[in-house]
file start.pdb (PDB, C-alpha atoms, pLDDT in the B column)
MODEL        1
ATOM      1  CA  MET A 225       0.620 -19.651  -2.343  1.00 70.00           C
ATOM      2  CA  LYS A 226       0.926 -19.790   1.414  1.00 79.00           C
ATOM      3  CA  ASP A 227      -1.727 -19.213   4.092  1.00 80.00           C
ATOM      4  CA  SER A 228       0.402 -16.275   5.259  1.00 91.00           C
ATOM      5  CA  ASP A 229      -0.023 -14.505   1.882  1.00 97.00           C
ATOM      6  CA  LEU A 230      -2.517 -11.681   1.380  1.00 98.00           C
ATOM      7  CA  VAL A 231      -4.292 -12.895  -1.764  1.00 98.00           C
ATOM      8  CA  VAL A 232      -6.434 -10.460  -3.774  1.00 98.00           C
ATOM      9  CA  GLY A 233      -8.941 -11.676  -6.346  1.00 94.00           C
ATOM     10  CA  PRO A 234     -12.550 -11.134  -7.431  1.00 89.00           C
ATOM     11  CA  TRP A 235     -13.737 -12.406  -4.034  1.00 89.00           C
ATOM     12  CA  GLY A 236     -11.780  -9.762  -2.100  1.00 96.00           C
ATOM     13  CA  LEU A 237      -8.692 -10.404   0.039  1.00 97.00           C
ATOM     14  CA  ARG A 238      -7.941 -13.736   1.699  1.00 97.00           C
ATOM     15  CA  PHE A 239      -5.494 -14.058   4.620  1.00 97.00           C
ATOM     16  CA  LEU A 240      -4.982 -16.807   7.207  1.00 96.00           C
ATOM     17  CA  GLY A 241      -8.176 -18.566   6.165  1.00 95.00           C
ATOM     18  CA  ARG A 242     -10.322 -15.427   6.421  1.00 97.00           C
ATOM     19  CA  GLN A 243     -11.889 -13.443   3.632  1.00 97.00           C
ATOM     20  CA  PHE A 244     -12.227  -9.632   3.653  1.00 98.00           C
ATOM     21  CA  PRO A 245     -13.878  -7.213   1.234  1.00 97.00           C
ATOM     22  CA  CYS A 246     -11.300  -4.911  -0.348  1.00 98.00           C
ATOM     23  CA  ALA A 247     -10.938  -2.144  -2.910  1.00 97.00           C
ATOM     24  CA  ILE A 248      -8.416  -1.995  -5.748  1.00 97.00           C
ATOM     25  CA  GLY A 249      -7.337   0.688  -8.200  1.00 97.00           C
ATOM     26  CA  ARG A 250      -9.859   2.556 -10.352  1.00 97.00           C
ATOM     27  CA  GLY A 251      -7.940   1.205 -13.386  1.00 96.00           C
ATOM     28  CA  GLY A 252      -8.570  -2.402 -12.324  1.00 96.00           C
ATOM     29  CA  ILE A 253      -5.882  -5.064 -12.139  1.00 96.00           C
ATOM     30  CA  ARG A 254      -3.294  -4.736 -14.877  1.00 96.00           C
ATOM     31  CA  PRO A 255      -0.298  -6.884 -15.849  1.00 96.00           C
ATOM     32  CA  ALA A 256       2.779  -5.573 -14.028  1.00 94.00           C
ATOM     33  CA  ARG A 257       4.620  -4.882 -17.314  1.00 94.00           C
ATOM     34  CA  ALA A 258       1.822  -2.447 -18.323  1.00 95.00           C
ATOM     35  CA  LYS A 259       1.726  -0.495 -15.019  1.00 96.00           C
ATOM     36  CA  ARG A 260       2.446   3.268 -15.312  1.00 95.00           C
ATOM     37  CA  GLU A 261       2.478   6.201 -12.892  1.00 94.00           C
ATOM     38  CA  GLY A 262      -0.987   7.738 -12.572  1.00 94.00           C
ATOM     39  CA  ASP A 263      -2.901   4.973 -14.405  1.00 96.00           C
ATOM     40  CA  GLY A 264      -4.886   4.010 -11.297  1.00 96.00           C
ATOM     41  CA  ALA A 265      -4.176   0.316 -11.896  1.00 97.00           C
ATOM     42  CA  THR A 266      -3.270  -2.306  -9.325  1.00 97.00           C
ATOM     43  CA  PRO A 267      -0.375  -4.421 -10.676  1.00 98.00           C
ATOM     44  CA  ALA A 268      -0.942  -8.174 -10.844  1.00 97.00           C
ATOM     45  CA  GLY A 269       1.773 -10.351  -9.368  1.00 97.00           C
ATOM     46  CA  VAL A 270       3.530 -11.233  -6.159  1.00 97.00           C
ATOM     47  CA  HIS A 271       4.742  -8.321  -4.039  1.00 97.00           C
ATOM     48  CA  ARG A 272       6.678  -8.575  -0.773  1.00 97.00           C
ATOM     49  CA  ILE A 273       5.556  -6.574   2.262  1.00 97.00           C
ATOM     50  CA  VAL A 274       8.616  -4.438   3.060  1.00 97.00           C
ATOM     51  CA  GLY A 275       7.329  -2.009   5.668  1.00 97.00           C
ATOM     52  CA  MET A 276       4.509  -0.874   7.904  1.00 98.00           C
ATOM     53  CA  LEU A 277       3.704   2.744   8.811  1.00 98.00           C
ATOM     54  CA  TYR A 278       1.119   4.048  11.276  1.00 98.00           C
ATOM     55  CA  ARG A 279      -0.207   7.264  12.847  1.00 98.00           C
ATOM     56  CA  PRO A 280       0.772   7.131  16.551  1.00 98.00           C
ATOM     57  CA  ASP A 281      -1.634   9.986  17.306  1.00 98.00           C
ATOM     58  CA  ARG A 282      -4.529   7.824  16.056  1.00 98.00           C
ATOM     59  CA  MET A 283      -3.643   4.250  17.066  1.00 98.00           C
ATOM     60  CA  ALA A 284      -1.334   2.079  19.099  1.00 98.00           C
ATOM     61  CA  ARG A 285       1.637   0.543  17.334  1.00 98.00           C
ATOM     62  CA  PRO A 286       0.080  -2.354  15.350  1.00 98.00           C
ATOM     63  CA  ALA A 287       3.279  -4.461  15.242  1.00 97.00           C
ATOM     64  CA  ASP A 288       6.707  -4.147  16.841  1.00 96.00           C
ATOM     65  CA  TRP A 289       8.308  -3.385  13.447  1.00 97.00           C
ATOM     66  CA  ALA A 290       5.810  -0.641  12.451  1.00 98.00           C
ATOM     67  CA  LEU A 291       7.258   2.865  12.072  1.00 98.00           C
ATOM     68  CA  PRO A 292       5.414   6.068  13.005  1.00 98.00           C
ATOM     69  CA  ILE A 293       4.311   8.646  10.415  1.00 98.00           C
ATOM     70  CA  GLY A 294       4.841  12.300  11.294  1.00 98.00           C
ATOM     71  CA  PRO A 295       3.608  15.587   9.789  1.00 98.00           C
ATOM     72  CA  SER A 296       6.604  15.982   7.481  1.00 98.00           C
ATOM     73  CA  ASP A 297       6.548  12.435   6.041  1.00 98.00           C
ATOM     74  CA  LEU A 298       5.849  12.240   2.303  1.00 98.00           C
ATOM     75  CA  TRP A 299       6.075   9.669  -0.502  1.00 97.00           C
ATOM     76  CA  SER A 300       7.706  10.754  -3.771  1.00 96.00           C
ATOM     77  CA  ASP A 301       5.516  10.012  -6.808  1.00 94.00           C
ATOM     78  CA  ASP A 302       7.379  12.247  -9.287  1.00 95.00           C
ATOM     79  CA  PRO A 303       9.319  10.245 -11.925  1.00 95.00           C
ATOM     80  CA  ARG A 304      11.783  13.176 -12.231  1.00 96.00           C
ATOM     81  CA  ASP A 305      12.731  12.879  -8.556  1.00 96.00           C
ATOM     82  CA  PRO A 306      16.014  11.056  -7.776  1.00 96.00           C
ATOM     83  CA  GLU A 307      14.096   9.715  -4.728  1.00 96.00           C
ATOM     84  CA  TYR A 308      11.127   8.521  -6.822  1.00 96.00           C
ATOM     85  CA  ASN A 309       9.014   5.889  -5.035  1.00 96.00           C
ATOM     86  CA  LEU A 310      10.674   6.452  -1.671  1.00 96.00           C
ATOM     87  CA  MET A 311       9.573   7.996   1.605  1.00 97.00           C
ATOM     88  CA  VAL A 312      10.882  11.573   1.793  1.00 98.00           C
ATOM     89  CA  ARG A 313      10.553  14.488   4.205  1.00 98.00           C
ATOM     90  CA  ALA A 314       9.011  17.935   3.802  1.00 97.00           C
ATOM     91  CA  PRO A 315       9.910  20.297   2.408  1.00 97.00           C
ATOM     92  CA  HIS A 316      10.363  18.365  -0.832  1.00 97.00           C
ATOM     93  CA  ARG A 317      10.617  20.123  -4.196  1.00 97.00           C
ATOM     94  CA  PHE A 318       9.352  17.246  -6.328  1.00 97.00           C
ATOM     95  CA  GLY A 319       5.801  15.895  -6.610  1.00 96.00           C
ATOM     96  CA  HIS A 320       4.785  13.827  -3.616  1.00 97.00           C
ATOM     97  CA  GLU A 321       1.932  12.478  -1.577  1.00 96.00           C
ATOM     98  CA  ARG A 322       1.469  13.462   2.062  1.00 98.00           C
ATOM     99  CA  LEU A 323       1.437  10.415   4.368  1.00 98.00           C
ATOM    100  CA  HIS A 324       0.195  12.338   7.422  1.00 98.00           C
ATOM    101  CA  ARG A 325      -3.316  13.036   6.105  1.00 97.00           C
ATOM    102  CA  ALA A 326      -6.407  14.665   7.572  1.00 97.00           C
ATOM    103  CA  ASP A 327      -8.515  11.631   6.591  1.00 97.00           C
ATOM    104  CA  PRO A 328      -7.847   8.142   8.050  1.00 98.00           C
ATOM    105  CA  VAL A 329      -6.775   6.481   4.775  1.00 98.00           C
ATOM    106  CA  TYR A 330      -3.072   6.355   5.724  1.00 98.00           C
ATOM    107  CA  ASP A 331      -3.466   5.798   9.461  1.00 98.00           C
ATOM    108  CA  LEU A 332      -2.011   2.334   8.769  1.00 98.00           C
ATOM    109  CA  ILE A 333      -0.017   1.423   5.661  1.00 98.00           C
ATOM    110  CA  LEU A 334       1.609  -1.805   4.524  1.00 98.00           C
ATOM    111  CA  ILE A 335       4.342  -0.942   2.006  1.00 98.00           C
ATOM    112  CA  THR A 336       4.999  -3.366  -0.861  1.00 97.00           C
ATOM    113  CA  ASP A 337       8.134  -3.776  -2.948  1.00 97.00           C
ATOM    114  CA  TRP A 338       6.371  -2.564  -6.121  1.00 97.00           C
ATOM    115  CA  ASN A 339       9.016  -0.802  -8.280  1.00 96.00           C
ATOM    116  CA  TRP A 340      11.345  -0.743  -5.275  1.00 92.00           C
ATOM    117  CA  PRO A 341      14.140  -0.404  -4.161  1.00 90.00           C
ATOM    118  CA  GLN A 342      15.541   0.584  -7.571  1.00 90.00           C
ATOM    119  CA  ALA A 343      12.550   2.415  -9.030  1.00 95.00           C
ATOM    120  CA  GLU A 344      12.136   2.653 -12.783  1.00 95.00           C
ATOM    121  CA  PRO A 345      10.864   6.227 -13.401  1.00 94.00           C
ATOM    122  CA  GLY A 346       7.251   6.309 -14.570  1.00 92.00           C
ATOM    123  CA  ARG A 347       6.537   2.637 -13.834  1.00 94.00           C
ATOM    124  CA  GLY A 348       4.392   3.535 -10.854  1.00 93.00           C
ATOM    125  CA  SER A 349       4.994   4.356  -7.243  1.00 93.00           C
ATOM    126  CA  ALA A 350       3.712   3.170  -3.906  1.00 93.00           C
ATOM    127  CA  ILE A 351       1.432   0.184  -4.052  1.00 97.00           C
ATOM    128  CA  PHE A 352       0.258   0.210  -0.448  1.00 98.00           C
ATOM    129  CA  VAL A 353      -2.311  -1.754   1.511  1.00 98.00           C
ATOM    130  CA  HIS A 354      -4.221   0.908   3.456  1.00 98.00           C
ATOM    131  CA  ILE A 355      -7.602   1.842   4.951  1.00 98.00           C
ATOM    132  CA  TRP A 356     -10.384   2.358   2.433  1.00 98.00           C
ATOM    133  CA  ARG A 357     -12.476   5.490   1.911  1.00 97.00           C
ATOM    134  CA  GLY A 358     -15.602   3.351   1.940  1.00 93.00           C
ATOM    135  CA  PRO A 359     -16.719  -0.131   0.932  1.00 91.00           C
ATOM    136  CA  ARG A 360     -15.057  -1.004  -2.359  1.00 78.00           C
ATOM    137  CA  ARG A 361     -14.438   2.640  -3.341  1.00 95.00           C
ATOM    138  CA  PRO A 362     -11.561   2.506  -5.847  1.00 97.00           C
ATOM    139  CA  THR A 363      -8.030   3.604  -4.976  1.00 97.00           C
ATOM    140  CA  ALA A 364      -5.264   5.168  -7.080  1.00 96.00           C
ATOM    141  CA  GLY A 365      -3.801   1.643  -7.505  1.00 97.00           C
ATOM    142  CA  CYS A 366      -3.403   0.411  -3.942  1.00 98.00           C
ATOM    143  CA  VAL A 367      -5.354  -2.282  -2.124  1.00 98.00           C
ATOM    144  CA  ALA A 368      -7.639  -0.922   0.612  1.00 98.00           C
ATOM    145  CA  LEU A 369      -9.561  -2.551   3.451  1.00 98.00           C
ATOM    146  CA  ALA A 370     -11.935  -1.558   6.219  1.00 98.00           C
ATOM    147  CA  ARG A 371     -10.036  -0.171   9.217  1.00 98.00           C
ATOM    148  CA  GLN A 372     -10.993  -2.999  11.585  1.00 98.00           C
ATOM    149  CA  ASN A 373      -9.905  -5.618   9.042  1.00 98.00           C
ATOM    150  CA  LEU A 374      -6.515  -4.007   8.406  1.00 98.00           C
ATOM    151  CA  LEU A 375      -6.022  -3.664  12.175  1.00 98.00           C
ATOM    152  CA  TRP A 376      -6.693  -7.412  12.503  1.00 98.00           C
ATOM    153  CA  ILE A 377      -4.289  -8.275   9.661  1.00 98.00           C
ATOM    154  CA  ALA A 378      -1.362  -5.971  10.569  1.00 98.00           C
ATOM    155  CA  PRO A 379      -0.067  -7.743  13.716  1.00 98.00           C
ATOM    156  CA  ARG A 380      -0.323 -11.102  11.930  1.00 97.00           C
ATOM    157  CA  ILE A 381       1.955 -10.110   9.023  1.00 96.00           C
ATOM    158  CA  ARG A 382       5.189 -12.111   9.038  1.00 93.00           C
ATOM    159  CA  HIS A 383       8.518 -11.698   7.265  1.00 90.00           C
ATOM    160  CA  GLN A 384       7.436 -14.137   4.544  1.00 93.00           C
ATOM    161  CA  THR A 385       3.995 -12.529   3.963  1.00 96.00           C
ATOM    162  CA  ARG A 386       3.428 -11.433   0.375  1.00 98.00           C
ATOM    163  CA  LEU A 387       0.661  -9.520  -1.391  1.00 98.00           C
ATOM    164  CA  VAL A 388      -0.501 -11.736  -4.272  1.00 98.00           C
ATOM    165  CA  ILE A 389      -2.719  -9.921  -6.771  1.00 98.00           C
ATOM    166  CA  ARG A 390      -4.504 -12.179  -9.241  1.00 94.00           C
ATOM    167  CA  ALA A 391      -5.691 -10.819 -12.558  1.00 85.00           C
TER     168      ALA A 391
ENDMDL
END
call {"tool": "encode", "arguments": {"input": "start.pdb", "output": "structure tokens"}}
result
Amino acid sequence: MKDSDLVVGPWGLRFLGRQFPCAIGRGGIRPARAKREGDGATPAGVHRIVGMLYRPDRMARPADWALPIGPSDLWSDDPRDPEYNLMVRAPHRFGHERLHRADPVYDLILITDWNWPQAEPGRGSAIFVHIWRGPRRPTAGCVALARQNLLWIAPRIRHQTRLVIRA
């Protein structure tokens, strides 16, 4: 483990010597081999950070490599979709999640390499690090943090930064 890793455990999330409260999936932390679409579990293991998305109408660009989210940006979560576990655009005929939301949950998203780039259908889509709904309120499987904490973390993410989830 490196100081530049985002490490999740019972204590919360640790990064660059700081500790932050965080939320995980309603299904708890599950071994990666047991992860399935819709189970609400956060997969244990080491996951690379492969992207950063943000709402330019709600915040300044948090890092020079962050990409803006627009009203037609979606994430495919339908195992039948040939673009399963990828960012897609509306209109989209398969099941998906809207990234441009009314609430602030996806104002800033760190994308992990969970089941990506060659997604295995049904193994689970989109393990993000995003803004929480409230202190420690469970997610659908992602890791979530208070807005101010994620805003502090985002510009400090480096190419080698990984999300390490401990069971």
call {"tool": "axis_aligned_box", "arguments": {"input": "start.pdb", "around": "range 322-337 of chain A", "padding_each_side": "8 Å", "output": "JSON"}}
result
{"center_x": -0.2, "center_y": 5.4, "center_z": 3.3, "size_x": 32.6, "size_y": 34.4, "size_z": 28.4}
call {"tool": "atom_distance", "arguments": {"input": "start.pdb", "atom1": "CA of Glu344 in chain A", "atom2": "CA of Ala256 in chain A"}}
result
12.5 Å
call {"tool": "closest_atom_pairs", "arguments": {"input": "start.pdb", "of": "range 248-284 of chain A", "to": "range 306-330 of chain A", "cutoff": "9 Å", "atoms": "only C-alpha atoms", "output": "tab-separated table"}}
result
residue	atom	partner	partner_atom	distance
A:Leu277	CA	A:Tyr330	CA	8.3
A:Tyr278	CA	A:Tyr330	CA	7.3
A:Arg279	CA	A:His324	CA	7.4
A:Arg282	CA	A:Pro328	CA	8.7
call {"tool": "resolve_selection", "arguments": {"input": "start.pdb", "expression": "the PyMOL selection byres ((chain A and resi 380-391) around 8)", "output": "JSON, numbers by chain"}}
result
{"A": [228, 229, 230, 231, 232, 233, 253, 254, 255, 267, 268, 269, 270, 271, 272, 273, 336, 376, 377, 378, 379]}
call {"tool": "closest_residue", "arguments": {"input": "start.pdb", "among": "A:Ala265, A:Ala350, A:Val274, A:Met283", "to": "Trp299 in chain A", "atoms": "all atoms listed in the file"}}
result
A:Ala350
call {"tool": "atom_distance", "arguments": {"input": "start.pdb", "atom1": "CA of Gly264 in chain A", "atom2": "CA of Pro295 in chain A"}}
result
25.5 Å
call {"tool": "residues_around", "arguments": {"input": "start.pdb", "residues": "range 244-251 of chain A", "least_positions_apart": "3", "cutoff": "6 Å", "atoms": "only C-alpha atoms", "output": "PyMOL selection string"}}
result
chain A and resi 236-237+264-266+360-369
call {"tool": "residues_near_point", "arguments": {"input": "start.pdb", "point": "(3.8, -1.3, 14.3)", "cutoff": "9 Å", "atoms": "all atoms listed in the file", "output": "list in words"}}
result
Met276, Leu277, Tyr278, Ala284, Arg285, Pro286, Ala287, Asp288, Trp289, Ala290, Leu291, Pro292, Leu332, Ala378 and Pro379 of chain A
call {"tool": "decode", "arguments": {"input": "start.pdb", "residues": "range 267-363 of chain A", "atoms": "C-alpha atoms", "output": "JSON list (two decimals), in the first residue's frame"}}
result
[["chain", "number", "residue", "atom", "x", "y", "z"],
["A", 267, "PRO", "CA", -16.09, -5.24, -4.01],
["A", 268, "ALA", "CA", -12.98, -5.85, -1.91],
["A", 269, "GLY", "CA", -9.66, -5.50, -3.68],
["A", 270, "VAL", "CA", -7.42, -3.04, -5.44],
["A", 271, "HIS", "CA", -9.04, -0.88, -8.11],
["A", 272, "ARG", "CA", -7.28, 1.69, -10.29],
["A", 273, "ILE", "CA", -8.72, 5.19, -10.65],
["A", 274, "VAL", "CA", -9.31, 5.50, -14.41],
["A", 275, "GLY", "CA", -11.30, 8.70, -14.73],
["A", 276, "MET", "CA", -12.79, 11.75, -13.08],
["A", 277, "LEU", "CA", -16.10, 13.40, -14.02],
["A", 278, "TYR", "CA", -17.60, 16.63, -12.69],
["A", 279, "ARG", "CA", -20.57, 18.98, -13.12],
["A", 280, "PRO", "CA", -19.16, 22.23, -14.58],
["A", 281, "ASP", "CA", -22.42, 24.04, -13.76],
["A", 282, "ARG", "CA", -21.86, 23.25, -10.06],
["A", 283, "MET", "CA", -18.09, 23.41, -9.53],
["A", 284, "ALA", "CA", -14.78, 24.40, -11.04],
["A", 285, "ARG", "CA", -12.75, 21.70, -12.75],
["A", 286, "PRO", "CA", -11.23, 19.75, -9.80],
["A", 287, "ALA", "CA", -8.19, 18.48, -11.76],
["A", 288, "ASP", "CA", -6.81, 19.16, -15.23],
["A", 289, "TRP", "CA", -7.75, 15.64, -16.38],
["A", 290, "ALA", "CA", -11.38, 15.78, -15.13],
["A", 291, "LEU", "CA", -14.08, 15.60, -17.81],
["A", 292, "PRO", "CA", -17.39, 17.48, -17.66],
["A", 293, "ILE", "CA", -20.76, 15.71, -17.30],
["A", 294, "GLY", "CA", -23.61, 17.00, -19.45],
["A", 295, "PRO", "CA", -27.38, 16.41, -19.46],
["A", 296, "SER", "CA", -27.21, 13.49, -21.90],
["A", 297, "ASP", "CA", -24.42, 11.57, -20.12],
["A", 298, "LEU", "CA", -25.44, 8.16, -18.76],
["A", 299, "TRP", "CA", -23.76, 5.02, -17.41],
["A", 300, "SER", "CA", -24.95, 1.66, -18.74],
["A", 301, "ASP", "CA", -25.86, -0.78, -15.95],
["A", 302, "ASP", "CA", -27.79, -3.27, -18.12],
["A", 303, "PRO", "CA", -25.95, -6.61, -18.55],
["A", 304, "ARG", "CA", -27.74, -7.07, -21.92],
["A", 305, "ASP", "CA", -26.20, -3.87, -23.28],
["A", 306, "PRO", "CA", -23.16, -4.27, -25.59],
["A", 307, "GLU", "CA", -21.90, -1.08, -23.85],
["A", 308, "TYR", "CA", -22.46, -2.49, -20.34],
["A", 309, "ASN", "CA", -20.43, -0.66, -17.67],
["A", 310, "LEU", "CA", -19.48, 2.20, -19.97],
["A", 311, "MET", "CA", -20.45, 5.85, -20.20],
["A", 312, "VAL", "CA", -23.12, 6.26, -22.89],
["A", 313, "ARG", "CA", -25.24, 9.11, -24.23],
["A", 314, "ALA", "CA", -28.99, 9.68, -24.22],
["A", 315, "PRO", "CA", -31.13, 8.49, -25.76],
["A", 316, "HIS", "CA", -30.04, 4.98, -24.80],
["A", 317, "ARG", "CA", -32.37, 1.99, -25.17],
["A", 318, "PHE", "CA", -30.80, -0.17, -22.47],
["A", 319, "GLY", "CA", -30.97, 0.27, -18.69],
["A", 320, "HIS", "CA", -28.74, 3.06, -17.45],
["A", 321, "GLU", "CA", -28.07, 5.53, -14.69],
["A", 322, "ARG", "CA", -28.21, 9.27, -15.32],
["A", 323, "LEU", "CA", -24.92, 10.99, -14.43],
["A", 324, "HIS", "CA", -26.33, 14.52, -14.65],
["A", 325, "ARG", "CA", -28.58, 14.30, -11.58],
["A", 326, "ALA", "CA", -30.81, 16.76, -9.76],
["A", 327, "ASP", "CA", -29.12, 15.89, -6.44],
["A", 328, "PRO", "CA", -25.38, 16.54, -5.84],
["A", 329, "VAL", "CA", -24.33, 12.88, -5.53],
["A", 330, "TYR", "CA", -22.61, 12.80, -8.95],
["A", 331, "ASP", "CA", -21.32, 16.37, -9.01],
["A", 332, "LEU", "CA", -17.85, 14.78, -8.75],
["A", 333, "ILE", "CA", -17.08, 11.16, -9.61],
["A", 334, "LEU", "CA", -13.88, 9.13, -9.51],
["A", 335, "ILE", "CA", -14.28, 6.16, -11.87],
["A", 336, "THR", "CA", -12.58, 2.88, -10.95],
["A", 337, "ASP", "CA", -11.58, 0.01, -13.22],
["A", 338, "TRP", "CA", -14.12, -2.36, -11.60],
["A", 339, "ASN", "CA", -15.26, -4.82, -14.31],
["A", 340, "TRP", "CA", -13.70, -2.56, -16.94],
["A", 341, "PRO", "CA", -12.69, -2.17, -19.77],
["A", 342, "GLN", "CA", -13.91, -5.63, -20.84],
["A", 343, "ALA", "CA", -17.02, -5.94, -18.68],
["A", 344, "GLU", "CA", -18.33, -9.37, -17.75],
["A", 345, "PRO", "CA", -22.15, -9.06, -18.00],
["A", 346, "GLY", "CA", -23.85, -9.22, -14.61],
["A", 347, "ARG", "CA", -20.65, -8.92, -12.57],
["A", 348, "GLY", "CA", -21.49, -5.38, -11.55],
["A", 349, "SER", "CA", -21.10, -1.96, -13.06],
["A", 350, "ALA", "CA", -19.67, 1.36, -12.00],
["A", 351, "ILE", "CA", -17.88, 1.33, -8.69],
["A", 352, "PHE", "CA", -17.43, 5.07, -8.28],
["A", 353, "VAL", "CA", -16.13, 7.29, -5.51],
["A", 354, "HIS", "CA", -18.73, 10.07, -5.26],
["A", 355, "ILE", "CA", -20.44, 12.52, -2.89],
["A", 356, "TRP", "CA", -22.56, 10.93, -0.18],
["A", 357, "ARG", "CA", -26.26, 11.48, 0.47],
["A", 358, "GLY", "CA", -25.49, 11.98, 4.14],
["A", 359, "PRO", "CA", -23.04, 10.75, 6.77],
["A", 360, "ARG", "CA", -22.47, 7.05, 6.22],
["A", 361, "ARG", "CA", -25.75, 6.53, 4.32],
["A", 362, "PRO", "CA", -25.20, 3.38, 2.24],
["A", 363, "THR", "CA", -24.66, 3.46, -1.52]]
